[in-house]
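Visitor: I have a structure here, written as structure tokens, and I will follow up with some questions on it.
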Amino acid sequence: MIAYVTSQGARIEKEGRRLIVHGKDFRHILFAAHLEQLVLFGNVNITAPAMFTLLKQEIDTVFLRADGRYMGRLAGREPANVMLRKRQFALCDDTAFRVRAGRSIVQAKILNQATLLARIKRARNRPAASVAADNLRKYAAEALHASSCAELRGIEGRAAALYFQHLPLGFLKDWGFERRVRRPPTDPVNCVLSFLYTMLTNRCYAAVRVAGLDPQPGILHELSYGRDSLPLDLIEEFRTMLADTLTLSLFNMNMLDWDDFRTPPQEDLPEETEENLREDETMNHVLTDPLGAMSPQTLPEEDSPDAETPAEEPFSGQSRALLLTNSAMKTVITAFSKKLETSFLHPVAGKTMTYAEAIIHQARQLRRLIDGSADAYTPLMLR
């Protein structure tokens, strides 16, 4: 179970074996034994007994700003297998190992992007998306012959630029999205992508820790002062299938609109509101959008002529940072949580699991690669 606390001024206390979240007009119970991760937004207070429980139960506790910007996490004990950690750092200097594993990571990311663009072509009748998908597959083939991690990152960067250039073809309205803009995001799509990538990175970090690995020494990503590189390797195969497809669904299913974003003063943070989330029925439609399915589904050759097409709203040339409103943030969090609990047949494991379980499964695959019990890493890919 993953719990998110977004109410500003909330307080978390320990009561027996439970954690109680007290808000201005609510009281919510969390059972520590069932809690995998606790994500706190902004001004949320934790008592010392509650914090000791989180540390003792090794519950990954993440602190984000109220706007979703990552600030830090509770640091528990380091993984006990020091020899495994030693091997991780030694492999940072093993160029052949890193390039071999890095090829799999980059190829999977690019092929997932190509698959999504191919689905957009079929669902939206956008020929340009098909052409871009074919070019992405060429980049994926090029990655198999890369001789260094720097070359792999260069191929990945060129593929990403091409992918994000054509991702707008998947939206039913113009949201002003032309390319990936991270800091700060200046249009609604980039705002949601950045928020979801932060949430997904936290899940990948937790999975790496569950697998008993040190998060700092990566494979594709270089060692860098204060950076957790291994979760950044793990997230690559999941960006498209979880964050990008969910972003398309949230906008195309009208779960988000222009009034769900605001441009506050630079130091302002989103204020807490108590607006309810959209109806669960609409949320379920978001999760069953065929663009985001793990395996191919029947897609229309083009949008149904009987469907109501929303009027396009021109982009206003926004140059300042955009933030999700508090109610919109809850909508995105709820959709992301439900997406993580969606089940599918893992093609390599040969069994049904949720996306949350799949992230841990892939982290354990990385461990087997690192400790030498596996010869290769098989990423998860859309089909």
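Residue numbers start at 1 in each chain; chains themselves are named A, B, ... in the order of the structure tokens; ligands are numbered from 1 in the order shown.
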Please provide the set of residues having any atom within 7 Å of Thr61 of chain A, restricted to only C-alpha atoms, with same-chain residues fewer than 6 positions apart removed, written as a ChimeraX atom specification.
Guide: /A:37-39,73-74
Visitor: List the neighbours of segment 147-161 of chain A out to 9 Å using only C-alpha atoms; skip same-chain residues closer than 5 positions along the sequence, and give me the result as a ChimeraX atom specification.
Guide: /A:95-96,98-100,102-103,106-107,109-110,113,135-136,139-140,142,166,179-180,219-222
Visitor: Segment 347-363 of chain A: which residues within 10 Å, counting only C-alpha atoms, same-chain residues fewer than 3 positions away excluded, as a short mmCIF file (atom, residue, chain, number, x, y, z; two decimals) with N, CA and C atoms, in the first residue's frame?
Guide:
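Written out: out_3.cif:
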```cif
data_model
loop_
_atom_site.label_atom_id
_atom_site.label_comp_id
_atom_site.auth_asym_id
_atom_site.auth_seq_id
_atom_site.Cartn_x
_atom_site.Cartn_y
_atom_site.Cartn_z
N MET A 1 0.84 -1.19 0.00
CA MET A 1 0.00 0.00 0.00
C MET A 1 0.88 1.25 0.00
N ILE A 2 0.52 2.20 -0.83
CA ILE A 2 1.22 3.49 -0.88
C ILE A 2 0.24 4.56 -0.41
N LEU A 200 7.08 8.35 -10.05
CA LEU A 200 7.62 7.09 -10.54
C LEU A 200 9.06 6.88 -10.08
N ARG A 203 8.99 5.46 -6.67
CA ARG A 203 8.67 4.03 -6.67
C ARG A 203 9.89 3.20 -7.08
N CYS A 204 10.65 3.68 -8.05
CA CYS A 204 11.84 2.96 -8.49
C CYS A 204 12.92 2.97 -7.40
N TYR A 205 13.04 4.08 -6.69
CA TYR A 205 13.99 4.13 -5.58
C TYR A 205 13.62 3.10 -4.52
N ALA A 206 12.34 3.04 -4.17
CA ALA A 206 11.89 2.08 -3.17
C ALA A 206 12.15 0.66 -3.63
N ALA A 207 11.92 0.39 -4.92
CA ALA A 207 12.13 -0.96 -5.45
C ALA A 207 13.61 -1.36 -5.39
N VAL A 208 14.48 -0.41 -5.69
CA VAL A 208 15.92 -0.67 -5.63
C VAL A 208 16.32 -1.03 -4.20
N ARG A 209 15.76 -0.33 -3.23
CA ARG A 209 16.06 -0.63 -1.82
C ARG A 209 15.49 -1.98 -1.42
N VAL A 210 14.29 -2.29 -1.89
CA VAL A 210 13.69 -3.60 -1.59
C VAL A 210 14.58 -4.72 -2.14
N ALA A 211 15.19 -4.48 -3.28
CA ALA A 211 16.06 -5.48 -3.89
C ALA A 211 17.42 -5.57 -3.21
N GLY A 212 17.66 -4.73 -2.20
CA GLY A 212 18.92 -4.78 -1.46
C GLY A 212 20.07 -4.10 -2.15
N LEU A 213 19.78 -3.21 -3.10
CA LEU A 213 20.82 -2.53 -3.85
C LEU A 213 21.06 -1.12 -3.33
N LEU A 230 20.89 4.58 -9.90
CA LEU A 230 20.27 3.30 -10.27
C LEU A 230 18.76 3.42 -10.47
N PRO A 231 18.01 4.15 -9.62
CA PRO A 231 16.58 4.34 -9.91
C PRO A 231 16.35 5.03 -11.25
N ASP A 233 18.13 4.52 -13.90
CA ASP A 233 18.22 3.44 -14.89
C ASP A 233 16.92 2.66 -14.94
N LEU A 234 16.40 2.32 -13.78
CA LEU A 234 15.20 1.49 -13.70
C LEU A 234 13.97 2.18 -14.26
N ILE A 235 13.89 3.48 -14.09
CA ILE A 235 12.67 4.20 -14.49
C ILE A 235 12.52 4.26 -16.01
N GLU A 237 12.46 2.22 -18.58
CA GLU A 237 11.52 1.34 -19.27
C GLU A 237 10.07 1.59 -18.87
N PHE A 238 9.87 2.31 -17.73
CA PHE A 238 8.51 2.53 -17.22
C PHE A 238 7.95 3.90 -17.56
N MET A 241 5.19 3.58 -20.47
CA MET A 241 4.04 2.73 -20.18
C MET A 241 3.23 3.20 -18.98
N LEU A 242 3.83 3.95 -18.06
CA LEU A 242 3.09 4.41 -16.88
C LEU A 242 2.81 5.90 -16.92
N MET A 294 -0.90 -2.72 -21.52
CA MET A 294 0.38 -3.42 -21.60
C MET A 294 0.51 -4.17 -22.92
N SER A 295 -0.57 -4.78 -23.38
CA SER A 295 -0.57 -5.55 -24.62
C SER A 295 -1.50 -4.89 -25.62
N SER A 337 -1.96 5.89 -8.64
CA SER A 337 -2.06 4.78 -7.68
C SER A 337 -2.84 3.62 -8.29
N LYS A 338 -3.95 3.94 -8.95
CA LYS A 338 -4.75 2.88 -9.57
C LYS A 338 -4.03 2.23 -10.74
N LYS A 339 -3.25 3.03 -11.47
CA LYS A 339 -2.46 2.48 -12.56
C LYS A 339 -1.44 1.48 -12.02
N LEU A 340 -0.78 1.81 -10.90
CA LEU A 340 0.20 0.91 -10.31
C LEU A 340 -0.43 -0.41 -9.87
N GLU A 341 -1.69 -0.38 -9.51
CA GLU A 341 -2.37 -1.60 -9.05
C GLU A 341 -3.05 -2.36 -10.18
N THR A 342 -2.91 -1.88 -11.41
CA THR A 342 -3.46 -2.59 -12.56
C THR A 342 -2.64 -3.84 -12.85
N SER A 343 -3.31 -4.95 -13.09
CA SER A 343 -2.62 -6.23 -13.32
C SER A 343 -2.44 -6.51 -14.81
N PHE A 344 -1.39 -7.22 -15.12
CA PHE A 344 -1.13 -7.65 -16.49
C PHE A 344 -0.27 -8.91 -16.44
N LEU A 366 17.74 -6.58 -11.92
CA LEU A 366 18.98 -5.81 -11.90
C LEU A 366 19.95 -6.37 -10.86
N ARG A 367 19.42 -6.76 -9.70
CA ARG A 367 20.27 -7.34 -8.68
C ARG A 367 20.95 -8.61 -9.19
N ARG A 368 20.17 -9.48 -9.84
CA ARG A 368 20.76 -10.72 -10.34
C ARG A 368 21.83 -10.44 -11.40
N LEU A 369 21.62 -9.41 -12.19
CA LEU A 369 22.63 -9.02 -13.16
C LEU A 369 23.89 -8.55 -12.45
N TYR A 377 20.06 -8.50 -18.71
CA TYR A 377 18.88 -7.86 -18.12
C TYR A 377 17.81 -7.76 -19.20
N THR A 378 16.61 -8.21 -18.88
CA THR A 378 15.49 -8.16 -19.83
C THR A 378 14.49 -7.11 -19.36
N PRO A 379 14.46 -5.94 -19.98
CA PRO A 379 13.51 -4.89 -19.58
C PRO A 379 12.09 -5.27 -19.93
N LEU A 380 11.15 -4.54 -19.33
CA LEU A 380 9.73 -4.73 -19.62
C LEU A 380 9.35 -3.79 -20.76
N MET A 381 8.67 -4.35 -21.76
CA MET A 381 8.33 -3.53 -22.93
C MET A 381 6.86 -3.69 -23.30
N LEU A 382 6.29 -2.59 -23.79
CA LEU A 382 4.95 -2.63 -24.34
C LEU A 382 4.96 -3.50 -25.60
N ARG A 383 3.84 -4.14 -25.85
CA ARG A 383 3.75 -5.00 -27.03
C ARG A 383 2.65 -4.52 -27.97
#
```
Visitor: Which residue out of A:Asn252, A:Ser229, A:Gln365, A:Ser7 has the minimum interatomic distance to Pro217 of chain A when only C-alpha atoms are used?
Guide: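 Selected residue with least distance to Pro217 of chain A: A:Ser229.
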Visitor: Assign secondary structure with DSSP using the backbone only, and return the residues of segment 21-65 of chain A in helix (DSSP H, G or I) as number ranges by chain.
Guide: A: 32-34, 48-56
Visitor: For N, CA and C atoms, I'd like the residues from the last selection saved as a PDB file, in the first residue's frame.
Guide:
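That gives us again.pdb:
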```
ATOM      1  N   ALA A  32       0.660   0.202   9.660  1.00  0.00           N
ATOM      2  CA  ALA A  32       2.077   0.197   9.300  1.00  0.00           C
ATOM      3  C   ALA A  32       2.497  -1.113   8.644  1.00  0.00           C
ATOM      4  N   ALA A  33       1.898  -2.219   9.084  1.00  0.00           N
ATOM      5  CA  ALA A  33       2.282  -3.526   8.548  1.00  0.00           C
ATOM      6  C   ALA A  33       1.951  -3.658   7.063  1.00  0.00           C
ATOM      7  N   HIS A  34       0.997  -2.856   6.577  1.00  0.00           N
ATOM      8  CA  HIS A  34       0.576  -2.943   5.178  1.00  0.00           C
ATOM      9  C   HIS A  34       1.126  -1.800   4.328  1.00  0.00           C
ATOM     10  N   ALA A  48       7.622  12.120  16.779  1.00  0.00           N
ATOM     11  CA  ALA A  48       8.793  11.251  16.918  1.00  0.00           C
ATOM     12  C   ALA A  48       8.409   9.768  16.991  1.00  0.00           C
ATOM     13  N   PRO A  49       7.405   9.364  17.785  1.00  0.00           N
ATOM     14  CA  PRO A  49       7.028   7.949  17.801  1.00  0.00           C
ATOM     15  C   PRO A  49       6.599   7.430  16.430  1.00  0.00           C
ATOM     16  N   ALA A  50       5.879   8.264  15.679  1.00  0.00           N
ATOM     17  CA  ALA A  50       5.469   7.848  14.339  1.00  0.00           C
ATOM     18  C   ALA A  50       6.684   7.691  13.432  1.00  0.00           C
ATOM     19  N   MET A  51       7.635   8.596  13.562  1.00  0.00           N
ATOM     20  CA  MET A  51       8.840   8.509  12.736  1.00  0.00           C
ATOM     21  C   MET A  51       9.659   7.265  13.079  1.00  0.00           C
ATOM     22  N   PHE A  52       9.748   6.925  14.370  1.00  0.00           N
ATOM     23  CA  PHE A  52      10.463   5.714  14.771  1.00  0.00           C
ATOM     24  C   PHE A  52       9.798   4.476  14.174  1.00  0.00           C
ATOM     25  N   THR A  53       8.461   4.475  14.130  1.00  0.00           N
ATOM     26  CA  THR A  53       7.741   3.348  13.538  1.00  0.00           C
ATOM     27  C   THR A  53       8.061   3.222  12.054  1.00  0.00           C
ATOM     28  N   LEU A  54       8.081   4.347  11.347  1.00  0.00           N
ATOM     29  CA  LEU A  54       8.399   4.331   9.927  1.00  0.00           C
ATOM     30  C   LEU A  54       9.807   3.784   9.681  1.00  0.00           C
ATOM     31  N   LEU A  55      10.752   4.173  10.552  1.00  0.00           N
ATOM     32  CA  LEU A  55      12.123   3.689  10.410  1.00  0.00           C
ATOM     33  C   LEU A  55      12.224   2.208  10.767  1.00  0.00           C
ATOM     34  N   LYS A  56      11.570   1.815  11.858  1.00  0.00           N
ATOM     35  CA  LYS A  56      11.634   0.425  12.308  1.00  0.00           C
ATOM     36  C   LYS A  56      11.016  -0.517  11.286  1.00  0.00           C
TER      37      LYS A  56
END
```
Visitor: For His28 of chain A, which residue among A:Glu13, A:Glu236, A:Tyr70, A:Phe336 is the nearest when counting only C-alpha atoms?
Guide: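 Among the listed residues, A:Glu13 lies closest to His28 of chain A.
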Visitor: Mind giving me the straight-line distance from atom CA of Gly76 of chain A to atom CA of Glu58 of chain A in Å, one decimal?
Guide: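 Straight-line distance from atom CA of Gly76 of chain A to atom CA of Glu58 of chain A works out to 6.6 Å.
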Visitor: What lies within 9 Å of segment 168-172 of chain A using only C-alpha atoms, ignoring chain neighbours under 2 positions off, as a PDB file with C-alpha atoms, in the first residue's frame?
Guide:
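Here's the written file selection.pdb:
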```
ATOM      1  CA  LEU A 117       3.487   6.462 -31.238  1.00  0.00           C
ATOM      2  CA  ARG A 119      -0.765   3.233 -31.173  1.00  0.00           C
ATOM      3  CA  ILE A 120      -1.381   6.962 -31.569  1.00  0.00           C
ATOM      4  CA  LYS A 121      -1.215   6.541 -35.330  1.00  0.00           C
ATOM      5  CA  ALA A 123      -6.103   5.510 -32.652  1.00  0.00           C
ATOM      6  CA  ARG A 124      -5.892   9.076 -33.970  1.00  0.00           C
ATOM      7  CA  ARG A 126      -1.821  10.409 -37.451  1.00  0.00           C
ATOM      8  CA  ALA A 128       3.376  11.352 -38.876  1.00  0.00           C
ATOM      9  CA  ALA A 129       3.328   9.323 -35.658  1.00  0.00           C
ATOM     10  CA  PHE A 164       8.330  14.379 -27.550  1.00  0.00           C
ATOM     11  CA  GLN A 165       8.085  16.305 -30.815  1.00  0.00           C
ATOM     12  CA  HIS A 166       5.387  13.849 -31.930  1.00  0.00           C
ATOM     13  CA  ASP A 174      -3.849  21.713 -28.067  1.00  0.00           C
ATOM     14  CA  TRP A 175      -2.293  22.048 -24.619  1.00  0.00           C
ATOM     15  CA  GLY A 176       0.679  24.108 -25.772  1.00  0.00           C
ATOM     16  CA  PHE A 177       3.023  21.124 -25.518  1.00  0.00           C
ATOM     17  CA  GLU A 178       5.782  21.250 -28.136  1.00  0.00           C
ATOM     18  CA  ARG A 179       8.787  19.722 -26.394  1.00  0.00           C
ATOM     19  CA  LEU A 248      -2.524  11.203 -22.436  1.00  0.00           C
ATOM     20  CA  SER A 249      -5.503   9.553 -20.769  1.00  0.00           C
ATOM     21  CA  PHE A 251      -6.197  14.971 -20.690  1.00  0.00           C
ATOM     22  CA  ASN A 252      -8.103  13.064 -23.378  1.00  0.00           C
ATOM     23  CA  THR A 309     -14.545  16.567 -30.475  1.00  0.00           C
ATOM     24  CA  PRO A 310     -13.561  19.184 -27.913  1.00  0.00           C
ATOM     25  CA  ALA A 311     -12.929  22.612 -29.321  1.00  0.00           C
ATOM     26  CA  GLU A 312      -9.229  23.365 -29.398  1.00  0.00           C
TER      27      GLU A 312
END
```
